[in-house]
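Shown next: query-v4.cif, containing mmCIF, C-alpha atoms.
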```cif
data_run
#
loop_
_atom_site.label_atom_id
_atom_site.label_comp_id
_atom_site.auth_asym_id
_atom_site.auth_seq_id
_atom_site.Cartn_x
_atom_site.Cartn_y
_atom_site.Cartn_z
CA MET A 1212 22.26 45.76 144.48
CA ASP A 1213 21.42 47.93 141.47
CA THR A 1214 19.86 51.31 142.12
CA GLU A 1215 18.25 53.89 139.91
CA LEU A 1216 17.41 57.44 140.94
CA GLY A 1217 17.95 56.55 144.58
CA LYS A 1218 15.52 53.56 144.62
CA THR A 1219 16.46 49.93 145.07
CA VAL A 1220 15.21 47.22 142.76
CA ASP A 1221 13.42 45.31 145.54
CA GLY A 1222 11.83 48.47 146.99
CA GLY A 1223 14.08 48.54 150.05
CA THR A 1224 15.65 51.55 151.67
CA PRO A 1225 17.81 53.46 149.17
CA PRO A 1226 21.47 53.74 150.09
CA GLU A 1227 22.79 57.07 151.26
CA ILE A 1228 23.82 59.28 148.36
CA MET A 1229 27.54 59.89 148.55
CA ARG A 1230 28.46 63.56 148.39
CA PRO A 1231 31.83 65.25 148.87
CA SER A 1232 32.16 66.40 152.45
CA LEU A 1233 32.14 70.15 152.95
CA PRO A 1234 34.96 71.94 154.79
CA ALA A 1235 34.25 71.82 158.48
CA SER A 1236 37.09 73.73 160.08
CA GLN A 1237 38.43 77.21 159.47
CA PRO A 1238 41.74 75.96 157.99
CA GLU A 1239 39.81 73.79 155.53
CA ILE A 1240 37.61 76.73 154.51
CA THR A 1241 40.65 78.95 154.04
CA ASN A 1242 42.39 76.29 151.95
CA THR A 1243 39.30 75.78 149.80
CA LEU A 1244 38.88 79.50 149.28
CA SER A 1245 42.52 79.84 148.23
CA HIS A 1246 42.13 77.08 145.63
CA TYR A 1247 38.88 78.65 144.42
CA TYR A 1248 40.53 82.06 144.06
CA ARG A 1249 43.40 80.52 142.09
CA GLY A 1250 40.96 78.81 139.74
CA GLU A 1251 38.88 81.93 139.13
CA LEU A 1252 42.04 83.97 138.58
CA GLY A 1253 43.16 81.46 135.96
CA ARG A 1254 39.84 81.68 134.11
CA MET A 1255 39.89 85.46 134.26
CA THR A 1256 43.44 85.53 132.89
CA SER A 1257 42.47 83.16 130.09
CA TRP A 1258 39.59 85.35 128.95
CA ARG A 1259 41.73 88.47 129.27
CA ASP A 1260 44.25 86.84 126.95
CA ARG A 1261 41.47 86.25 124.43
CA ILE A 1262 40.49 89.91 124.63
CA ASP A 1263 44.06 91.02 123.99
CA ARG A 1264 44.27 88.59 121.08
CA THR A 1265 41.38 90.19 119.19
CA SER A 1266 42.81 93.65 119.87
CA ASN A 1267 46.13 92.51 118.42
CA TRP A 1268 44.34 91.14 115.35
CA ALA A 1269 42.61 94.48 114.85
CA ILE A 1270 45.89 96.39 115.14
CA THR A 1271 47.46 94.01 112.62
CA VAL A 1272 44.57 94.58 110.19
CA VAL A 1273 44.95 98.36 110.50
CA ALA A 1274 48.71 98.25 109.93
CA ALA A 1275 48.47 95.86 106.97
CA LEU A 1276 45.70 97.70 105.13
CA LEU A 1277 47.30 101.09 105.72
CA SER A 1278 50.52 99.74 104.20
CA VAL A 1279 48.71 98.30 101.18
CA SER A 1280 46.44 101.27 100.52
CA LEU A 1281 48.74 104.23 101.12
CA SER A 1282 51.88 102.78 99.59
CA THR A 1283 50.30 101.88 96.24
CA PRO A 1284 48.47 104.47 94.11
CA THR A 1285 46.56 101.73 92.31
CA ALA A 1286 45.04 100.41 95.57
CA HIS A 1287 41.36 101.31 95.79
CA HIS A 1288 40.06 103.30 98.74
CA GLY A 1289 37.56 100.48 99.28
CA VAL A 1290 40.41 98.53 100.89
CA LEU A 1291 40.25 100.92 103.83
CA LEU A 1292 36.48 100.61 104.03
CA PHE A 1293 36.88 96.85 104.05
CA GLY A 1294 39.37 97.28 106.90
CA ILE A 1295 36.76 99.26 108.85
CA MET A 1296 34.35 96.35 108.41
CA LEU A 1297 36.96 93.89 109.69
CA ILE A 1298 37.65 96.08 112.72
CA SER A 1299 33.92 96.20 113.45
CA LEU A 1300 33.71 92.40 113.28
CA LEU A 1301 36.64 92.05 115.68
CA LEU A 1302 35.02 94.60 118.00
CA LEU A 1303 31.85 92.51 118.16
CA ILE A 1304 33.86 89.35 118.85
CA GLU A 1305 35.85 91.10 121.56
CA ALA A 1306 32.71 92.46 123.21
CA ARG A 1307 31.34 88.92 123.52
CA ARG A 1308 34.60 87.75 125.08
CA TYR A 1309 34.63 90.75 127.40
CA ARG A 1310 31.23 89.78 128.81
CA PHE A 1311 32.60 86.39 129.86
CA PHE A 1312 35.75 88.00 131.24
CA ASP A 1313 33.64 90.39 133.30
CA ILE A 1314 31.91 87.51 135.10
CA TYR A 1315 35.17 86.05 136.42
CA ARG A 1316 36.69 89.46 137.04
CA ALA A 1317 33.76 90.38 139.30
CA ARG A 1318 34.13 87.16 141.31
CA VAL A 1319 37.87 87.64 141.72
CA ARG A 1320 37.39 91.23 142.84
CA GLN A 1321 34.80 90.16 145.43
CA VAL A 1322 37.31 87.78 147.02
CA GLU A 1323 40.19 90.24 146.80
CA LYS A 1324 38.29 93.21 148.15
CA ASN A 1325 36.27 91.53 150.89
CA TYR A 1326 38.60 88.74 152.02
CA PHE A 1327 42.27 89.31 151.23
CA ALA A 1328 42.06 93.08 151.71
CA GLN A 1329 40.32 92.54 155.04
CA ILE A 1330 43.12 90.26 156.17
CA LEU A 1331 45.78 92.82 155.28
CA SER A 1332 43.89 95.86 156.55
CA PRO A 1333 40.48 95.33 158.21
CA ASP A 1334 37.82 97.84 157.27
CA ALA A 1335 34.70 98.10 159.41
CA ASN A 1336 32.73 99.49 156.46
CA SER A 1337 33.52 96.54 154.21
CA VAL A 1338 30.61 94.57 152.75
CA ARG A 1339 29.92 91.51 154.88
CA ASP A 1340 27.43 89.66 152.70
CA TRP A 1341 29.74 89.19 149.70
CA GLY A 1342 29.70 85.40 150.09
CA PRO A 1343 26.07 84.98 148.94
CA VAL A 1344 26.81 87.21 145.94
CA VAL A 1345 29.62 84.93 144.78
CA ALA A 1346 27.58 81.81 145.59
CA SER A 1347 24.65 83.10 143.54
CA SER A 1348 26.96 83.70 140.59
CA LEU A 1349 28.35 80.17 140.91
CA ARG A 1350 24.93 78.55 141.11
CA LYS A 1351 23.43 80.54 138.28
CA PRO A 1352 26.08 82.34 136.18
CA LYS A 1353 24.77 85.31 134.26
CA PHE A 1354 26.25 88.20 132.34
CA LEU A 1355 26.78 91.40 134.30
CA LEU A 1356 27.03 93.59 131.19
CA THR A 1357 24.72 93.92 128.23
CA TYR A 1358 26.20 93.29 124.80
CA HIS A 1359 25.74 96.96 123.94
CA ALA A 1360 27.57 98.08 127.08
CA ALA A 1361 30.44 95.68 126.35
CA VAL A 1362 30.78 97.01 122.79
CA GLN A 1363 30.78 100.57 124.06
CA ARG A 1364 33.38 99.84 126.72
CA ARG A 1365 35.80 98.20 124.27
CA LEU A 1366 35.17 100.99 121.78
CA GLN A 1367 36.09 103.62 124.35
CA ARG A 1368 39.18 101.73 125.54
CA ASN A 1369 40.84 100.69 122.27
CA TYR A 1370 38.86 100.66 119.07
CA SER A 1371 38.02 104.35 118.82
CA TRP A 1372 41.66 105.09 117.98
CA MET A 1373 41.75 102.42 115.29
CA TYR A 1374 38.59 103.82 113.73
CA LEU A 1375 40.09 107.31 113.79
CA ILE A 1376 43.27 106.16 112.05
CA MET A 1377 41.27 104.39 109.34
CA LEU A 1378 39.09 107.46 108.81
CA LEU A 1379 42.09 109.75 108.41
CA ALA A 1380 43.71 107.31 105.99
CA TRP A 1381 40.50 107.02 103.94
CA ALA A 1382 40.08 110.81 103.80
CA LEU A 1383 43.71 111.16 102.72
CA LYS A 1384 43.23 108.50 100.06
CA ILE A 1385 40.24 110.14 98.36
CA THR A 1386 41.59 113.70 98.57
CA THR A 1387 45.22 113.25 97.47
CA PRO A 1388 45.78 112.92 93.70
CA LYS A 1389 49.16 111.23 94.12
CA LEU A 1390 47.43 108.37 95.96
CA GLN A 1391 44.94 107.93 93.13
CA ALA A 1392 47.04 107.54 89.97
CA GLU A 1393 50.65 106.94 89.02
CA GLY A 1394 52.64 109.98 88.00
CA SER A 1395 50.37 112.57 89.59
CA THR A 1396 51.96 115.58 91.21
CA LEU A 1397 51.80 115.92 94.97
CA ALA A 1398 48.73 118.02 95.54
CA HIS A 1399 45.46 117.99 97.39
CA ALA A 1400 41.96 117.97 95.98
CA GLN A 1401 40.98 121.34 94.56
CA SER A 1402 37.25 120.76 94.39
CA TRP A 1403 34.46 118.88 96.14
CA THR A 1404 33.57 117.22 92.84
CA TYR A 1405 37.01 115.62 92.70
CA VAL A 1406 36.53 114.11 96.17
CA ILE A 1407 33.06 112.78 95.30
CA ASP A 1408 34.39 111.17 92.12
CA ASN A 1409 37.20 109.46 94.02
CA ALA A 1410 34.78 108.16 96.68
CA VAL A 1411 32.80 106.10 94.15
CA LEU A 1412 32.55 102.48 95.27
CA GLY A 1413 31.36 100.12 92.55
CA PRO A 1414 27.75 101.00 91.69
CA LEU A 1415 27.48 103.32 94.68
CA PRO A 1416 27.92 107.04 93.90
CA GLY A 1417 30.61 108.88 95.81
CA LEU A 1418 28.19 111.16 97.63
CA LEU A 1419 26.28 108.16 99.00
CA VAL A 1420 29.51 106.48 100.14
CA ILE A 1421 30.61 109.64 101.95
CA ALA A 1422 27.18 109.93 103.58
CA LEU A 1423 27.30 106.30 104.76
CA VAL A 1424 30.82 106.72 106.17
CA ALA A 1425 29.76 109.95 107.91
CA ALA A 1426 26.69 108.28 109.46
CA PHE A 1427 28.79 105.33 110.64
CA TYR A 1428 31.37 107.58 112.28
CA LEU A 1429 28.70 109.70 113.93
CA THR A 1430 27.46 106.49 115.54
CA ILE A 1431 31.01 105.68 116.63
CA LEU A 1432 31.40 109.19 118.05
CA TYR A 1433 28.15 108.82 119.99
CA GLY A 1434 29.38 105.54 121.47
CA VAL A 1435 32.70 107.10 122.48
CA LEU A 1436 31.26 110.24 124.08
CA ARG A 1437 28.25 108.66 125.77
CA ARG A 1438 29.04 107.97 129.40
CA GLU A 1439 27.06 105.80 131.77
CA PRO A 1440 27.44 105.98 135.54
CA ASP A 1441 29.93 103.38 136.72
CA GLN A 1442 28.39 100.60 138.75
CA GLY A 1443 29.66 97.78 140.91
CA GLU A 1444 33.41 97.32 140.86
CA PHE A 1445 33.97 100.25 138.52
CA ILE A 1446 33.01 102.70 141.25
CA ARG A 1447 36.21 101.82 143.11
CA GLY A 1448 39.57 102.66 141.56
CA GLU A 1449 40.66 103.36 138.02
CA ALA A 1450 42.62 100.20 137.16
CA HIS A 1451 40.07 98.37 135.05
CA VAL A 1452 39.79 97.33 131.43
#
```
When written as structure tokens, how does the structure in this file appear?
Amino acid sequence: MDTELGKTVDGGTPPEIMRPSLPASQPEITNTLSHYYRGELGRMTSWRDRIDRTSNWAITVVAALLSVSLSTPTAHHGVLLFGIMLISLLLLIEARRYRFFDIYRARVRQVEKNYFAQILSPDANSVRDWGPVVASSLRKPKFLLTYHAAVQRRLQRNYSWMYLIMLLAWALKITTPKLQAEGSTLAHAQSWTYVIDNAVLGPLPGLLVIALVAAFYLTILYGVLRREPDQGEFIRGEAHV
């Protein structure tokens, strides 16, 4: 007899909706929880791999553009500025991936801390209502970090060093005559005017370019030095990404 939305065609009693049976015994619950933990760990590892992949791309960009710019006097300093833009794009992509990673990491840590750790070494002060927290996340997944917080966290962990390397290379490029023209003697800039002239970028005057780079790096510095109180899992232990 055909049914639709739980109602029979002839108006009779709808058949019982078939649902998977829930674990009834403690061994079944333990087995289900073990499979769940393995699945969440796999998803967390997958997103962590994606995070590492964007970091590797950024490192590759830095190495390639440093090689091109500093090894060839005819290479324009704008190559390094373009590299900074690429690093910023990869940082934004990585921050988005990190927000997804953080969801699964938090679930895995709840199971590890409140279940497996309790089996190995029971703690009377351990949180007992962790199950509803995980269940709520499963029923209605939501990000635990804002996009801004994710960007700041990845900036503090990895990208600040890449930005610093690119800044030093750019400053070296616009202040060293030998890196500006073939046949120049090894010397450093003798005047501020020389640096401003070398910092010219297309129609943009050198002073404006320097001001824009300075403003950008002040923003980066603010993001690196600004500290927010750790919450949730980050209160416990130091081994986090």
I'd like the residues picked by the PyMOL selection byres ((chain A and resi 1305) around 10) written out as a PyMOL selection string, using the chain letters and numbers from the file. chain A and resi 1261-1266+1299-1304+1306-1310+1361-1362+1365-1366
Output C-alpha atoms of each residue in that selection to a file, as a PDB file, in the frame of the given file.
```pdb
ATOM      1  CA  ARG A1261      41.470  86.250 124.430  1.00  0.00           C
ATOM      2  CA  ILE A1262      40.490  89.910 124.630  1.00  0.00           C
ATOM      3  CA  ASP A1263      44.060  91.020 123.990  1.00  0.00           C
ATOM      4  CA  ARG A1264      44.270  88.590 121.080  1.00  0.00           C
ATOM      5  CA  THR A1265      41.380  90.190 119.190  1.00  0.00           C
ATOM      6  CA  SER A1266      42.810  93.650 119.870  1.00  0.00           C
ATOM      7  CA  SER A1299      33.920  96.200 113.450  1.00  0.00           C
ATOM      8  CA  LEU A1300      33.710  92.400 113.280  1.00  0.00           C
ATOM      9  CA  LEU A1301      36.640  92.050 115.680  1.00  0.00           C
ATOM     10  CA  LEU A1302      35.020  94.600 118.000  1.00  0.00           C
ATOM     11  CA  LEU A1303      31.850  92.510 118.160  1.00  0.00           C
ATOM     12  CA  ILE A1304      33.860  89.350 118.850  1.00  0.00           C
ATOM     13  CA  ALA A1306      32.710  92.460 123.210  1.00  0.00           C
ATOM     14  CA  ARG A1307      31.340  88.920 123.520  1.00  0.00           C
ATOM     15  CA  ARG A1308      34.600  87.750 125.080  1.00  0.00           C
ATOM     16  CA  TYR A1309      34.630  90.750 127.400  1.00  0.00           C
ATOM     17  CA  ARG A1310      31.230  89.780 128.810  1.00  0.00           C
ATOM     18  CA  ALA A1361      30.440  95.680 126.350  1.00  0.00           C
ATOM     19  CA  VAL A1362      30.780  97.010 122.790  1.00  0.00           C
ATOM     20  CA  ARG A1365      35.800  98.200 124.270  1.00  0.00           C
ATOM     21  CA  LEU A1366      35.170 100.990 121.780  1.00  0.00           C
TER      22      LEU A1366
END
```
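Evaluating the PyMOL selection byres ((chain A and resi 1419-1428) around 9) against the shown model yields A:Leu1292, A:Tyr1374, A:Leu1375, A:Leu1378, A:Ile1407, A:Ala1410, A:Val1411, A:Leu1412, A:Leu1415, A:Pro1416, A:Gly1417, A:Leu1418, A:Leu1429, A:Thr1430, A:Ile1431, A:Leu1432, A:Tyr1433.
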Report the distance between CA of Gly1294 (chain A) and CA of Ser1278 (chain A) in Å, rounded to one decimal place.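 Result for CA of Gly1294 (chain A) versus CA of Ser1278 (chain A): 11.7 Å, one decimal.
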Record the distance separating CA of Ile1376 (chain A) and CA of Ile1295 (chain A), expressed in Å with one decimal. 10.0 Å
Closest to Tyr1248 (chain A) among A:Val1319, A:Ile1385, A:Met1373, A:Leu1356, using all atoms listed in the file?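 Closest residue, counting all atoms listed in the file: A:Val1319.
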Might you pull out every residue within 10 Å of Trp1268 (chain A), with only C-alpha atoms counted and same-chain residues fewer than 6 positions away left off, and present them as a short mmCIF file (atom, residue, chain, number, x, y, z; two decimals) with C-alpha atoms, in the frame of the given file?
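The file below, part_21.cif, is the result:
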```
data_model
loop_
_atom_site.label_atom_id
_atom_site.label_comp_id
_atom_site.auth_asym_id
_atom_site.auth_seq_id
_atom_site.Cartn_x
_atom_site.Cartn_y
_atom_site.Cartn_z
CA ALA A 1274 48.71 98.25 109.93
CA LEU A 1297 36.96 93.89 109.69
CA ILE A 1298 37.65 96.08 112.72
CA LEU A 1301 36.64 92.05 115.68
#
```
Counting only C-alpha atoms, which residue out of A:Ser1280, A:Gln1321, A:Thr1386, A:Thr1357 sits closest to Trp1341 (chain A)?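 So, comparing all the options, the nearest one is A:Gln1321.
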In terms of the shortest atom-to-atom distance over all atoms listed in the file, which of A:Val1279, A:Leu1436, A:Leu1291, A:Leu1233 is closest to Arg1368 (chain A)?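 Closest to Arg1368 (chain A), using all atoms listed in the file: A:Leu1436.
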So that I can see what lies close to Leu1355 (chain A), please list as a list in words the residues with an atom at most 12 Å from it, counting only C-alpha atoms and leaving out residues fewer than 3 positions away in the same chain. Arg1307, Tyr1309, Arg1310, Phe1311, Phe1312, Asp1313, Ile1314, Tyr1315, Arg1316, Ala1317, Arg1318, Ser1348, Pro1352, Tyr1358, His1359, Ala1360, Ala1361, Gln1442, Gly1443 and Glu1444 of chain A
Å distance separating CA of His1288 (chain A) from CA of Trp1381 (chain A), one decimal place: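 Between these atoms lies a distance of 6.4 Å.
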Choose the residue, out of A:Thr1271, A:Arg1364, A:Pro1238, A:Glu1251, that has the smallest atom-to-atom separation from Arg1437 (chain A); count only C-alpha atoms. A:Arg1364
